[in-house]
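The file target_12.cif comes next; it holds mmCIF, C-alpha atoms.
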data_coords
#
loop_
_atom_site.label_atom_id
_atom_site.label_comp_id
_atom_site.auth_asym_id
_atom_site.auth_seq_id
_atom_site.Cartn_x
_atom_site.Cartn_y
_atom_site.Cartn_z
CA MET A 303 2.83 13.61 -26.81
CA ARG A 304 2.46 17.36 -26.49
CA PHE A 305 -0.07 19.07 -24.21
CA ASP A 306 -0.68 22.80 -24.49
CA ILE A 307 -2.79 24.19 -21.66
CA LEU A 308 -4.33 27.66 -21.94
CA THR A 309 -5.32 29.18 -18.61
CA ILE A 310 -5.35 32.47 -16.72
CA PHE A 311 -3.77 30.71 -13.72
CA PRO A 312 -0.78 28.74 -15.07
CA LYS A 313 1.02 28.74 -11.70
CA SER A 314 -1.85 26.82 -10.12
CA LEU A 315 -0.86 23.74 -12.17
CA ASN A 316 2.85 23.69 -11.40
CA SER A 317 2.80 21.62 -8.21
CA TYR A 318 0.95 18.70 -9.78
CA LEU A 319 3.06 18.70 -12.93
CA LYS A 320 6.28 18.49 -10.89
CA GLU A 321 5.37 15.31 -9.04
CA SER A 322 5.20 11.53 -9.53
CA ILE A 323 4.48 9.83 -12.86
CA ILE A 324 3.79 13.02 -14.81
CA ALA A 325 7.11 14.54 -13.74
CA ARG A 326 9.00 11.36 -14.67
CA ALA A 327 7.25 11.20 -18.04
CA LYS A 328 8.26 14.79 -18.74
CA LYS A 329 11.86 14.11 -17.74
CA ALA A 330 11.94 11.06 -20.03
CA LYS A 331 10.51 13.24 -22.84
CA LEU A 332 7.53 10.93 -23.28
CA ILE A 333 5.24 13.94 -22.88
CA GLU A 334 5.65 17.69 -23.29
CA ILE A 335 3.54 20.11 -21.26
CA HIS A 336 3.40 23.79 -22.17
CA LEU A 337 1.42 26.27 -20.05
CA HIS A 338 0.17 29.47 -21.67
CA ASP A 339 -1.17 32.47 -19.77
CA ILE A 340 -4.21 33.74 -21.70
CA ARG A 341 -3.79 37.20 -20.15
CA THR A 342 -0.53 37.77 -22.04
CA PHE A 343 -2.51 37.73 -25.30
CA SER A 344 -5.01 40.38 -24.19
CA LYS A 345 -4.87 43.67 -26.10
CA ASP A 346 -6.54 45.48 -23.22
CA LYS A 347 -4.15 47.85 -21.47
CA HIS A 348 -5.02 46.21 -18.14
CA LYS A 349 -4.76 42.68 -19.63
CA LYS A 350 -8.45 42.14 -18.96
CA VAL A 351 -9.89 38.84 -20.24
CA ASP A 352 -13.53 39.04 -19.09
CA ASP A 353 -16.59 41.23 -19.52
CA ILE A 354 -20.30 41.36 -18.64
CA PRO A 355 -22.59 39.08 -20.68
CA TYR A 356 -24.85 40.48 -23.38
CA GLY A 357 -28.46 40.11 -22.31
CA GLY A 358 -27.60 40.53 -18.65
CA GLY A 359 -27.19 37.95 -15.94
CA ALA A 360 -24.84 37.13 -13.11
CA GLY A 361 -21.12 36.60 -13.55
CA MET A 362 -18.65 37.44 -16.28
CA VAL A 363 -17.72 35.84 -19.60
CA MET A 364 -14.22 35.35 -21.01
CA THR A 365 -13.79 37.68 -23.98
CA PRO A 366 -12.99 36.22 -27.41
CA GLN A 367 -9.90 38.18 -28.49
CA PRO A 368 -7.32 36.89 -25.96
CA LEU A 369 -8.46 33.28 -26.38
CA TYR A 370 -8.59 33.51 -30.16
CA ASP A 371 -5.06 34.88 -30.37
CA ALA A 372 -3.75 32.41 -27.78
CA ILE A 373 -5.22 29.42 -29.61
CA ASN A 374 -3.88 30.55 -32.99
CA HIS A 375 -0.44 31.07 -31.45
CA VAL A 376 -0.37 27.57 -29.95
CA LYS A 377 -1.62 25.97 -33.17
CA LYS A 378 1.65 27.01 -34.81
CA PHE A 379 3.34 24.34 -32.67
CA ASN A 380 0.55 21.86 -32.00
CA HIS A 381 -1.87 20.77 -34.73
CA GLY A 382 -3.87 18.45 -32.48
CA PRO A 383 -7.51 18.87 -31.45
CA VAL A 384 -8.56 21.89 -29.40
CA ILE A 385 -10.53 20.76 -26.34
CA TYR A 386 -12.56 23.05 -24.11
CA LEU A 387 -13.11 21.80 -20.55
CA SER A 388 -16.73 22.65 -19.93
CA ALA A 389 -19.70 21.49 -17.84
CA SER A 390 -21.64 21.51 -21.13
CA GLY A 391 -19.31 18.96 -22.69
CA LYS A 392 -19.60 15.22 -23.12
CA ASN A 393 -18.61 13.26 -20.02
CA PHE A 394 -15.00 12.08 -20.32
CA LYS A 395 -14.54 8.30 -20.23
CA GLN A 396 -11.65 5.86 -20.44
CA THR A 397 -12.57 5.14 -24.06
CA ASP A 398 -12.14 8.85 -24.85
CA ALA A 399 -8.61 8.80 -23.40
CA GLU A 400 -7.82 5.71 -25.49
CA LYS A 401 -9.13 7.36 -28.67
CA LEU A 402 -7.05 10.50 -28.11
CA VAL A 403 -3.90 8.41 -27.66
CA LYS A 404 -4.68 6.56 -30.90
CA ILE A 405 -5.25 9.85 -32.74
CA HIS A 406 -1.87 11.04 -31.51
CA ALA A 407 -0.18 7.83 -32.68
CA LEU A 408 -1.55 8.40 -36.20
CA GLN A 409 -0.54 12.06 -36.43
CA LYS A 410 2.37 12.93 -38.70
CA PRO A 411 4.23 14.66 -37.24
CA LYS A 412 2.97 13.58 -33.84
CA ASN A 413 1.44 16.53 -32.03
CA GLY A 414 -0.97 16.24 -29.14
CA ILE A 415 -3.91 18.17 -27.77
CA ILE A 416 -4.68 21.74 -26.77
CA LEU A 417 -6.68 22.16 -23.55
CA ILE A 418 -8.66 25.34 -22.90
CA CYS A 419 -9.41 26.16 -19.25
CA GLY A 420 -12.44 28.39 -18.94
CA ARG A 421 -13.32 30.60 -15.96
CA TYR A 422 -16.23 32.69 -14.73
CA GLU A 423 -19.48 31.81 -16.56
CA GLY A 424 -17.51 30.35 -19.46
CA ILE A 425 -16.07 31.56 -22.75
CA ASP A 426 -17.67 33.54 -25.59
CA GLN A 427 -19.67 31.17 -27.80
CA ARG A 428 -17.89 32.47 -30.91
CA ILE A 429 -14.64 30.90 -29.69
CA ILE A 430 -16.46 27.57 -29.41
CA ASP A 431 -17.86 28.01 -32.92
CA LEU A 432 -14.56 29.10 -34.46
CA CYS A 433 -11.86 27.20 -32.61
CA ILE A 434 -13.08 24.31 -30.45
CA ASP A 435 -13.03 20.76 -31.81
CA ARG A 436 -14.76 19.19 -28.81
CA GLU A 437 -16.05 20.01 -25.35
CA ILE A 438 -15.28 17.68 -22.45
CA SER A 439 -16.77 17.49 -18.96
CA ILE A 440 -15.38 15.38 -16.12
CA GLY A 441 -18.73 15.05 -14.35
CA ASN A 442 -22.19 16.43 -13.77
CA TYR A 443 -21.16 19.27 -11.49
CA VAL A 444 -19.70 22.77 -11.85
CA LEU A 445 -16.15 23.82 -10.91
CA THR A 446 -14.68 27.31 -10.66
CA GLY A 447 -12.42 26.71 -13.65
CA GLY A 448 -11.09 24.25 -16.17
CA GLU A 449 -7.68 23.71 -14.57
CA LEU A 450 -8.63 20.63 -12.51
CA PRO A 451 -10.46 18.99 -15.46
CA ALA A 452 -7.42 19.70 -17.66
CA MET A 453 -5.21 17.83 -15.18
CA VAL A 454 -7.67 14.92 -15.12
CA VAL A 455 -7.67 14.63 -18.91
CA LEU A 456 -3.88 15.02 -19.13
CA ASP A 457 -3.31 12.34 -16.48
CA ALA A 458 -5.80 9.86 -17.97
CA ILE A 459 -4.21 10.20 -21.42
CA SER A 460 -0.58 10.28 -20.29
CA ARG A 461 -0.70 6.96 -18.45
CA LEU A 462 -1.78 5.24 -21.69
CA ILE A 463 1.29 6.43 -23.58
CA PRO A 464 3.89 3.64 -23.95
CA GLY A 465 6.66 3.99 -21.38
CA VAL A 466 4.87 6.35 -18.99
CA LEU A 467 3.93 3.67 -16.45
CA GLY A 468 6.54 1.38 -14.93
CA LYS A 469 5.11 -1.74 -16.59
CA GLU A 470 4.07 -1.50 -20.22
CA LYS A 471 0.80 -3.35 -19.66
CA SER A 472 -0.11 -1.81 -16.29
CA HIS A 473 -3.03 0.15 -17.63
CA GLU A 474 -4.51 -2.72 -19.65
CA HIS A 475 -6.27 -4.18 -16.61
CA ASP A 476 -7.32 -0.92 -14.99
CA SER A 477 -10.91 -0.08 -14.16
CA PHE A 478 -12.95 0.60 -17.31
CA SER A 479 -10.35 -1.10 -19.53
CA LYS A 480 -11.36 -3.35 -22.39
CA ALA A 481 -9.79 -6.35 -20.63
CA LEU A 482 -12.22 -5.87 -17.72
CA ASN A 483 -15.21 -5.36 -20.02
CA ARG A 484 -15.25 -1.68 -19.02
CA LYS A 485 -16.08 -2.63 -15.43
CA LYS A 486 -14.42 -1.42 -12.23
CA GLU A 487 -11.50 -3.36 -10.81
CA TYR A 488 -11.70 -6.15 -8.26
CA PRO A 489 -10.56 -5.49 -4.64
CA HIS A 490 -6.80 -5.42 -3.93
CA TYR A 491 -4.97 -6.68 -0.83
CA THR A 492 -1.38 -6.61 0.43
CA ARG A 493 0.51 -7.39 3.67
CA PRO A 494 -0.32 -7.93 6.48
CA GLU A 495 -2.55 -10.97 5.99
CA LYS A 496 -4.79 -9.86 8.90
CA PHE A 497 -5.61 -6.24 9.74
CA GLU A 498 -8.06 -4.97 12.37
CA GLY A 499 -9.83 -8.33 12.33
CA HIS A 500 -10.19 -8.41 8.54
CA LYS A 501 -8.41 -11.18 6.62
CA VAL A 502 -7.23 -11.46 3.02
CA PRO A 503 -9.52 -13.84 1.06
CA LYS A 504 -8.03 -17.35 1.18
CA VAL A 505 -8.10 -17.79 -2.59
CA LEU A 506 -5.56 -14.98 -3.01
CA LEU A 507 -3.15 -16.87 -0.75
CA SER A 508 -3.64 -20.19 -2.51
CA GLY A 509 -1.22 -19.76 -5.40
CA HIS A 510 -3.83 -21.23 -7.80
CA HIS A 511 -3.72 -18.74 -10.66
CA LYS A 512 -6.89 -19.96 -12.37
CA GLU A 513 -8.89 -19.75 -9.14
CA ILE A 514 -7.48 -16.30 -8.44
CA GLU A 515 -8.39 -15.17 -11.94
CA ASN A 516 -11.96 -16.50 -11.51
CA TRP A 517 -12.27 -14.76 -8.14
CA ARG A 518 -11.14 -11.48 -9.61
CA LYS A 519 -13.57 -11.77 -12.53
CA SER A 520 -16.44 -12.51 -10.13
CA HIS A 521 -15.58 -9.43 -8.07
CA LEU A 522 -15.57 -6.89 -10.88
CA LYS A 523 -17.90 -4.03 -10.06
#
Show me the file's structure as structure tokens.
Amino acid sequence: MRFDILTIFPKSLNSYLKESIIARAKKAKLIEIHLHDIRTFSKDKHKKVDDIPYGGGAGMVMTPQPLYDAINHVKKFNHGPVIYLSASGKNFKQTDAEKLVKIHALQKPKNGIILICGRYEGIDQRIIDLCIDREISIGNYVLTGGELPAMVVLDAISRLIPGVLGKEKSHEHDSFSKALNRKKEYPHYTRPEKFEGHKVPKVLLSGHHKEIENWRKSHLK
């Protein structure tokens, strides 16, 4: 699956993309991640990508031209949905990640998604009207930019792609999965059996799979 991320700070994402599961998935060519610097598409001689808002107010707004040209450039290689990470968007859920993976599986040829990282007070509304397929928020709070939300969305989607996790069915019993009725996972324990006066529940040491399964179901959150 291909991810194209448009940002004015592409270097800020490098450290995360070079570690752990995401890095292994890239190496195995299960996912492709392409970072695009929006500033390189600016026609301003100083590569400016923001300006004061019409009507006044605090802050700056990302200008439409660099974003418009950047999106159209990327769409030559990726025909998937264009997603703007925005506090105004719909809250991102596990079901949304599942749907985006399914959309990718049905695409011919398989493409992916394009993630737009806003900054300042946001992007010019005309870009949303002309280019954006959906707006996504990762919570009811405001961040300084869309880079962290883009990583959240990329990670949540990537781990659902066959082969990305070590065990093919690892994600099927995660929190918010269909198997757990969209609830949060039960508590997990590992060695040692006793730690700081706290013991592992006896049922988990019993070896009775049915009882363990019942305990886990009763401890979903």
Original post:
Which residues come within 12 Å of Leu315 (chain A), counting all atoms listed in the file, excluding same-chain residues fewer than 5 positions away, as a ChimeraX atom specification?
Top reply: /A:307-310,320-321,324,335-339,419,448-454,456
**OP:** Around the point (-2.3, 22.4, -27.8) in the file's coordinates, collect all residues with an atom within 10 Å, using only C-alpha atoms, and return them as an MDAnalysis selection string.
**Re:** chainID A and resid 304:308 335:338 373:385 413:418
Within 12 Å of region 421-428 of chain A, counting only C-alpha atoms, which residues show up once you throw out same-chain ones fewer than 3 positions away? Write them as an mmCIF file with C-alpha atoms, keeping the file's coordinate frame, please.
data_model
loop_
_atom_site.group_PDB
_atom_site.id
_atom_site.type_symbol
_atom_site.label_atom_id
_atom_site.label_comp_id
_atom_site.auth_asym_id
_atom_site.auth_seq_id
_atom_site.Cartn_x
_atom_site.Cartn_y
_atom_site.Cartn_z
ATOM 1 C CA LEU A 308 -4.330 27.660 -21.940
ATOM 2 C CA THR A 309 -5.320 29.180 -18.610
ATOM 3 C CA ILE A 310 -5.350 32.470 -16.720
ATOM 4 C CA PHE A 311 -3.770 30.710 -13.720
ATOM 5 C CA ILE A 340 -4.210 33.740 -21.700
ATOM 6 C CA VAL A 351 -9.890 38.840 -20.240
ATOM 7 C CA ASP A 352 -13.530 39.040 -19.090
ATOM 8 C CA ASP A 353 -16.590 41.230 -19.520
ATOM 9 C CA ILE A 354 -20.300 41.360 -18.640
ATOM 10 C CA PRO A 355 -22.590 39.080 -20.680
ATOM 11 C CA TYR A 356 -24.850 40.480 -23.380
ATOM 12 C CA GLY A 359 -27.190 37.950 -15.940
ATOM 13 C CA ALA A 360 -24.840 37.130 -13.110
ATOM 14 C CA GLY A 361 -21.120 36.600 -13.550
ATOM 15 C CA MET A 362 -18.650 37.440 -16.280
ATOM 16 C CA VAL A 363 -17.720 35.840 -19.600
ATOM 17 C CA MET A 364 -14.220 35.350 -21.010
ATOM 18 C CA THR A 365 -13.790 37.680 -23.980
ATOM 19 C CA PRO A 366 -12.990 36.220 -27.410
ATOM 20 C CA GLN A 367 -9.900 38.180 -28.490
ATOM 21 C CA PRO A 368 -7.320 36.890 -25.960
ATOM 22 C CA LEU A 369 -8.460 33.280 -26.380
ATOM 23 C CA TYR A 370 -8.590 33.510 -30.160
ATOM 24 C CA TYR A 386 -12.560 23.050 -24.110
ATOM 25 C CA LEU A 387 -13.110 21.800 -20.550
ATOM 26 C CA SER A 388 -16.730 22.650 -19.930
ATOM 27 C CA ALA A 389 -19.700 21.490 -17.840
ATOM 28 C CA SER A 390 -21.640 21.510 -21.130
ATOM 29 C CA GLY A 391 -19.310 18.960 -22.690
ATOM 30 C CA ILE A 418 -8.660 25.340 -22.900
ATOM 31 C CA ASP A 431 -17.860 28.010 -32.920
ATOM 32 C CA LEU A 432 -14.560 29.100 -34.460
ATOM 33 C CA CYS A 433 -11.860 27.200 -32.610
ATOM 34 C CA ILE A 434 -13.080 24.310 -30.450
ATOM 35 C CA GLU A 437 -16.050 20.010 -25.350
ATOM 36 C CA VAL A 444 -19.700 22.770 -11.850
ATOM 37 C CA LEU A 445 -16.150 23.820 -10.910
ATOM 38 C CA THR A 446 -14.680 27.310 -10.660
ATOM 39 C CA GLY A 447 -12.420 26.710 -13.650
ATOM 40 C CA GLY A 448 -11.090 24.250 -16.170
ATOM 41 C CA GLU A 449 -7.680 23.710 -14.570
ATOM 42 C CA LEU A 450 -8.630 20.630 -12.510
ATOM 43 C CA PRO A 451 -10.460 18.990 -15.460
#
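Between Leu507 (chain A) and the candidates A:Lys485, A:Ser344, A:Arg493, A:Ser314, the tightest atom-to-atom separation, counting all atoms listed in the file, involves A:Arg493.
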**OP:** Excluding Val502 (chain A) and residues on its chain fewer than 5 positions from it, collect all residues at most 7 Å away from it, counting only C-alpha atoms, and give them as a list of chain:residue names.
**Re:** A:Tyr491, A:Glu495, A:Lys496
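Going from CA of Gly465 (chain A) to CA of Thr492 (chain A) covers 25.5 Å.
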Original post:
Do you know which residues the PyMOL selection byres ((chain A and resi 462) around 9) returns on this file, as a PyMOL selection string?
Top reply: chain A and resi 399-400+403+457-461+463-467+473-474
Would you mind exporting C-alpha atoms of the selected residues as a PDB file, keeping the file's coordinate frame?
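Listed below is the output, again_11.pdb:
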ATOM      1  CA  ALA A 399      -8.610   8.800 -23.400  1.00  0.00           C
ATOM      2  CA  GLU A 400      -7.820   5.710 -25.490  1.00  0.00           C
ATOM      3  CA  VAL A 403      -3.900   8.410 -27.660  1.00  0.00           C
ATOM      4  CA  ASP A 457      -3.310  12.340 -16.480  1.00  0.00           C
ATOM      5  CA  ALA A 458      -5.800   9.860 -17.970  1.00  0.00           C
ATOM      6  CA  ILE A 459      -4.210  10.200 -21.420  1.00  0.00           C
ATOM      7  CA  SER A 460      -0.580  10.280 -20.290  1.00  0.00           C
ATOM      8  CA  ARG A 461      -0.700   6.960 -18.450  1.00  0.00           C
ATOM      9  CA  ILE A 463       1.290   6.430 -23.580  1.00  0.00           C
ATOM     10  CA  PRO A 464       3.890   3.640 -23.950  1.00  0.00           C
ATOM     11  CA  GLY A 465       6.660   3.990 -21.380  1.00  0.00           C
ATOM     12  CA  VAL A 466       4.870   6.350 -18.990  1.00  0.00           C
ATOM     13  CA  LEU A 467       3.930   3.670 -16.450  1.00  0.00           C
ATOM     14  CA  HIS A 473      -3.030   0.150 -17.630  1.00  0.00           C
ATOM     15  CA  GLU A 474      -4.510  -2.720 -19.650  1.00  0.00           C
TER      16      GLU A 474
END
**OP:** Work out how far CA of Glu498 (chain A) is from CA of Asp476 (chain A), in Å to one decimal.
**Re:** 27.7 Å
Let me have the centre and edge lengths in Å, one decimal, of the box along x, y and z around every listed atom of region 365-371 of chain A with 4 Å of margin on each side, as lines of an AutoDock Vina configuration file.
center_x = -9.4
center_y = 35.7
center_z = -27.2
size_x = 16.7
size_y = 12.9
size_z = 14.4
Taking (-8.6, -15.0, -2.2) in the coordinates of the supplied file, I want to know which residues reach to within 12 Å of it, counting all atoms listed in the file; could you give the answer as a PDB file with C-alpha atoms, keeping the file's coordinate frame?
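Saved the output as result20.pdb:
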ATOM      1  CA  TYR A 488     -11.700  -6.150  -8.260  1.00  0.00           C
ATOM      2  CA  PRO A 489     -10.560  -5.490  -4.640  1.00  0.00           C
ATOM      3  CA  HIS A 490      -6.800  -5.420  -3.930  1.00  0.00           C
ATOM      4  CA  TYR A 491      -4.970  -6.680  -0.830  1.00  0.00           C
ATOM      5  CA  THR A 492      -1.380  -6.610   0.430  1.00  0.00           C
ATOM      6  CA  GLU A 495      -2.550 -10.970   5.990  1.00  0.00           C
ATOM      7  CA  LYS A 501      -8.410 -11.180   6.620  1.00  0.00           C
ATOM      8  CA  VAL A 502      -7.230 -11.460   3.020  1.00  0.00           C
ATOM      9  CA  PRO A 503      -9.520 -13.840   1.060  1.00  0.00           C
ATOM     10  CA  LYS A 504      -8.030 -17.350   1.180  1.00  0.00           C
ATOM     11  CA  VAL A 505      -8.100 -17.790  -2.590  1.00  0.00           C
ATOM     12  CA  LEU A 506      -5.560 -14.980  -3.010  1.00  0.00           C
ATOM     13  CA  LEU A 507      -3.150 -16.870  -0.750  1.00  0.00           C
ATOM     14  CA  SER A 508      -3.640 -20.190  -2.510  1.00  0.00           C
ATOM     15  CA  GLY A 509      -1.220 -19.760  -5.400  1.00  0.00           C
ATOM     16  CA  HIS A 510      -3.830 -21.230  -7.800  1.00  0.00           C
ATOM     17  CA  HIS A 511      -3.720 -18.740 -10.660  1.00  0.00           C
ATOM     18  CA  LYS A 512      -6.890 -19.960 -12.370  1.00  0.00           C
ATOM     19  CA  GLU A 513      -8.890 -19.750  -9.140  1.00  0.00           C
ATOM     20  CA  ILE A 514      -7.480 -16.300  -8.440  1.00  0.00           C
ATOM     21  CA  GLU A 515      -8.390 -15.170 -11.940  1.00  0.00           C
ATOM     22  CA  ASN A 516     -11.960 -16.500 -11.510  1.00  0.00           C
ATOM     23  CA  TRP A 517     -12.270 -14.760  -8.140  1.00  0.00           C
ATOM     24  CA  ARG A 518     -11.140 -11.480  -9.610  1.00  0.00           C
ATOM     25  CA  LYS A 519     -13.570 -11.770 -12.530  1.00  0.00           C
ATOM     26  CA  SER A 520     -16.440 -12.510 -10.130  1.00  0.00           C
ATOM     27  CA  HIS A 521     -15.580  -9.430  -8.070  1.00  0.00           C
TER      28      HIS A 521
END
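Here CA of Gly357 (chain A) and CA of Arg436 (chain A) stand 25.8 Å from one another.
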Original post:
the PyMOL selection byres ((chain A and resi 441) around 9) on the file shown: which residues, as a PyMOL selection string?
Top reply: chain A and resi 389+392-394+439-440+442-444
